[in-house]
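*Asks:* Pasting a structure below so you can have a look.
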Amino acid sequence: TLLALLVYFARDLYDMLFRRPWVLFLLIVATVPAAVVGVLFEDLVATTLRSPLVISASLVIFGLYMLISEKRQSSRVFSEIRLMDAVMIGMAQAVALIPGVSRSGITISTGLLRGIRREDAARFSFLMSVPVIGGAILLEGLKVLKDPAMIDLKLTSVGFVSSAVSGFLTISFLLWFFRRFSLRSFVYYRIILAVIIFMIWLRF
């Protein structure tokens, strides 16, 4: 997935490194809240919050959040994203650590509520995931270095290629989708899924 992001947004990343370092700074700012919350509440997120009830509630609550965000008149473009936008979107990404909260959904919705166009909020959201995924890969890489036997090279290679291709296609499709359609279809999907999970939880 990281490779897909790097390839798809190669021009954006180049511009950030050599022409618009301010945007890179905004991405770093937006990454900090999730990193801090992830470190402080890792055990809570991995255990207590993974209950079906929490997931069902998150699906509904943040589905409604997405629906509300669509009612906001959003006209600001990517180049108009400011520091406070990055802070708010970053805080939204931290909330996405709760199971059932879509990282892309909540960050794009927060961007909409800040007055940023859907496609530009989506673009910023995807770019935000570069340091997040990169950090996760770095941590996993350190584990592998400690115990190289834990990795299956052939299986990892297949997974690497397939995730890169599927990731690239997914990014392309979603950005195309967000340019033309609202988040409402995702809201309906989330509510239906929440009901299914809740019913299964009640049954067992």
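Chains: A, B, ... in order of the structure tokens. Residues: from 1 per chain. Ligands: from 1, in order shown.
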Which residues come within 8 Å of stretch 198-202 of chain A, counting only C-alpha atoms, excluding same-chain residues fewer than 4 positions away, as a CSV table (one decimal) with C-alpha atoms, in the first residue's frame?
*Replies:*
```csv
chain,number,residue,atom,x,y,z
A,52,PRO,CA,-18.8,-5.8,18.8
A,53,LEU,CA,-20.9,-3.2,20.6
A,56,SER,CA,-21.4,-1.2,15.9
A,194,ALA,CA,-23.6,-2.1,12.2
```
*Asks:* May I have a table of the residues of stretch 60-126 of chain A lying at most 7 Å from stretch 38-50 of chain A, giving each one's closest pair of atoms and their distance in Å to one decimal, counting only C-alpha atoms, ordered by chain and ascending residue number, as CSV?
*Replies:*
```
residue,atom,partner,partner_atom,distance
A:Leu97,CA,A:Val45,CA,6.8
A:Ile98,CA,A:Val45,CA,6.3
A:Pro99,CA,A:Arg50,CA,6.0
```
*Asks:* Skip stretch 101-103 of chain A itself and residues of its chain fewer than 5 positions away, then list as a list in words all residues within 7 Å of it, counting only C-alpha atoms.
*Replies:* Ser58, Leu59, Phe62, Gln93 and Ala96 of chain A
*Asks:* Residues at most 9 Å from stretch 31-35 of chain A, counting only C-alpha atoms, excluding those fewer than 2 positions away in the same chain, as a compact mmCIF listing (two decimals) with N, CA and C atoms, in the first residue's frame?
*Replies:*
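Okay, this is what ended up in out_8.txt:
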```
# COMPACT_ATOMS: atom_id res chain seq x y z
N LEU A 26 2.43 20.39 7.23
CA LEU A 26 1.03 20.16 7.60
C LEU A 26 0.74 18.66 7.76
N LEU A 27 1.31 17.85 6.89
CA LEU A 27 1.11 16.41 6.98
C LEU A 27 1.74 15.85 8.26
N ILE A 28 2.90 16.37 8.61
CA ILE A 28 3.56 15.92 9.84
C ILE A 28 2.72 16.31 11.05
N VAL A 29 2.21 17.54 11.04
CA VAL A 29 1.35 18.01 12.13
C VAL A 29 0.12 17.11 12.25
N VAL A 37 -1.71 9.27 20.54
CA VAL A 37 -2.82 8.47 21.08
C VAL A 37 -2.53 6.98 20.92
N GLY A 38 -1.95 6.61 19.79
CA GLY A 38 -1.64 5.21 19.54
C GLY A 38 -0.67 4.65 20.56
N VAL A 39 0.32 5.44 20.92
CA VAL A 39 1.31 5.00 21.91
C VAL A 39 0.70 4.93 23.31
N LEU A 40 -0.08 5.94 23.66
CA LEU A 40 -0.64 6.03 25.01
C LEU A 40 -1.76 5.03 25.27
N ALA A 86 -5.10 21.06 9.41
CA ALA A 86 -4.25 19.88 9.63
C ALA A 86 -4.40 19.36 11.05
N VAL A 87 -4.49 20.28 12.01
CA VAL A 87 -4.65 19.87 13.42
C VAL A 87 -5.97 19.13 13.61
N GLY A 90 -5.96 15.84 11.83
CA GLY A 90 -5.08 14.95 12.57
C GLY A 90 -5.75 14.39 13.81
N MET A 91 -6.52 15.23 14.51
CA MET A 91 -7.26 14.76 15.68
C MET A 91 -8.33 13.74 15.26
N ALA A 92 -8.92 13.97 14.11
CA ALA A 92 -9.91 13.02 13.59
C ALA A 92 -9.24 11.67 13.30
N GLN A 93 -8.03 11.73 12.78
CA GLN A 93 -7.31 10.49 12.50
C GLN A 93 -7.01 9.73 13.79
N ALA A 94 -6.77 10.46 14.87
CA ALA A 94 -6.54 9.82 16.16
C ALA A 94 -7.79 9.11 16.64
N VAL A 95 -8.95 9.72 16.42
CA VAL A 95 -10.22 9.10 16.80
C VAL A 95 -10.43 7.80 16.01
N ALA A 96 -9.88 7.77 14.80
CA ALA A 96 -10.04 6.59 13.94
C ALA A 96 -9.34 5.35 14.49
N LEU A 97 -8.58 5.50 15.56
CA LEU A 97 -7.98 4.33 16.20
C LEU A 97 -9.05 3.47 16.87
N MET A 128 -1.78 11.77 4.15
CA MET A 128 -1.54 11.61 5.58
C MET A 128 -1.16 10.18 5.94
N SER A 129 -1.65 9.24 5.16
CA SER A 129 -1.40 7.84 5.48
C SER A 129 0.02 7.41 5.13
N PRO A 131 3.10 8.74 6.08
CA PRO A 131 3.94 8.57 7.28
C PRO A 131 3.40 7.52 8.25
N VAL A 132 2.07 7.37 8.29
CA VAL A 132 1.48 6.37 9.19
C VAL A 132 1.89 4.96 8.78
```
*Asks:* Give one line per residue of stretch 47-89 of chain A that approaches stretch 109-120 of chain A to at most 8 Å, naming the two atoms of the closest pair and their distance in Å to one decimal, counting only C-alpha atoms; sort by chain then ascending residue number and deliver it as CSV.
*Replies:*
```
residue,atom,partner,partner_atom,distance
A:Tyr65,CA,A:Ser109,CA,7.3
A:Met66,CA,A:Ser109,CA,5.3
A:Ser69,CA,A:Leu113,CA,5.3
A:Glu70,CA,A:Leu112,CA,7.0
A:Arg72,CA,A:Leu113,CA,5.9
A:Gln73,CA,A:Gly115,CA,6.4
A:Ser74,CA,A:Gly115,CA,4.1
A:Ser75,CA,A:Arg117,CA,5.1
A:Arg76,CA,A:Ile116,CA,4.5
A:Val77,CA,A:Asp120,CA,5.9
A:Phe78,CA,A:Asp120,CA,5.1
A:Ile81,CA,A:Ile116,CA,7.4
A:Asp85,CA,A:Arg114,CA,6.6
A:Met88,CA,A:Thr110,CA,7.2
A:Ile89,CA,A:Thr110,CA,5.8
```
*Asks:* Take atom CA of A:Ser163 and atom CA of A:Met16 and report the distance between them in Å, one decimal.
*Replies:*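 Value for the atom CA of A:Ser163-atom CA of A:Met16 distance: 25.0 Å.
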*Asks:* Taking the backbone alone, and naming residues the way the document does, which bits of stretch 34-138 of chain A are alpha helix (DSSP H) by DSSP, as a PyMOL selection string?
*Replies:* chain A and resi 34-40+42-46+52-69+83-95+103-113+118-138
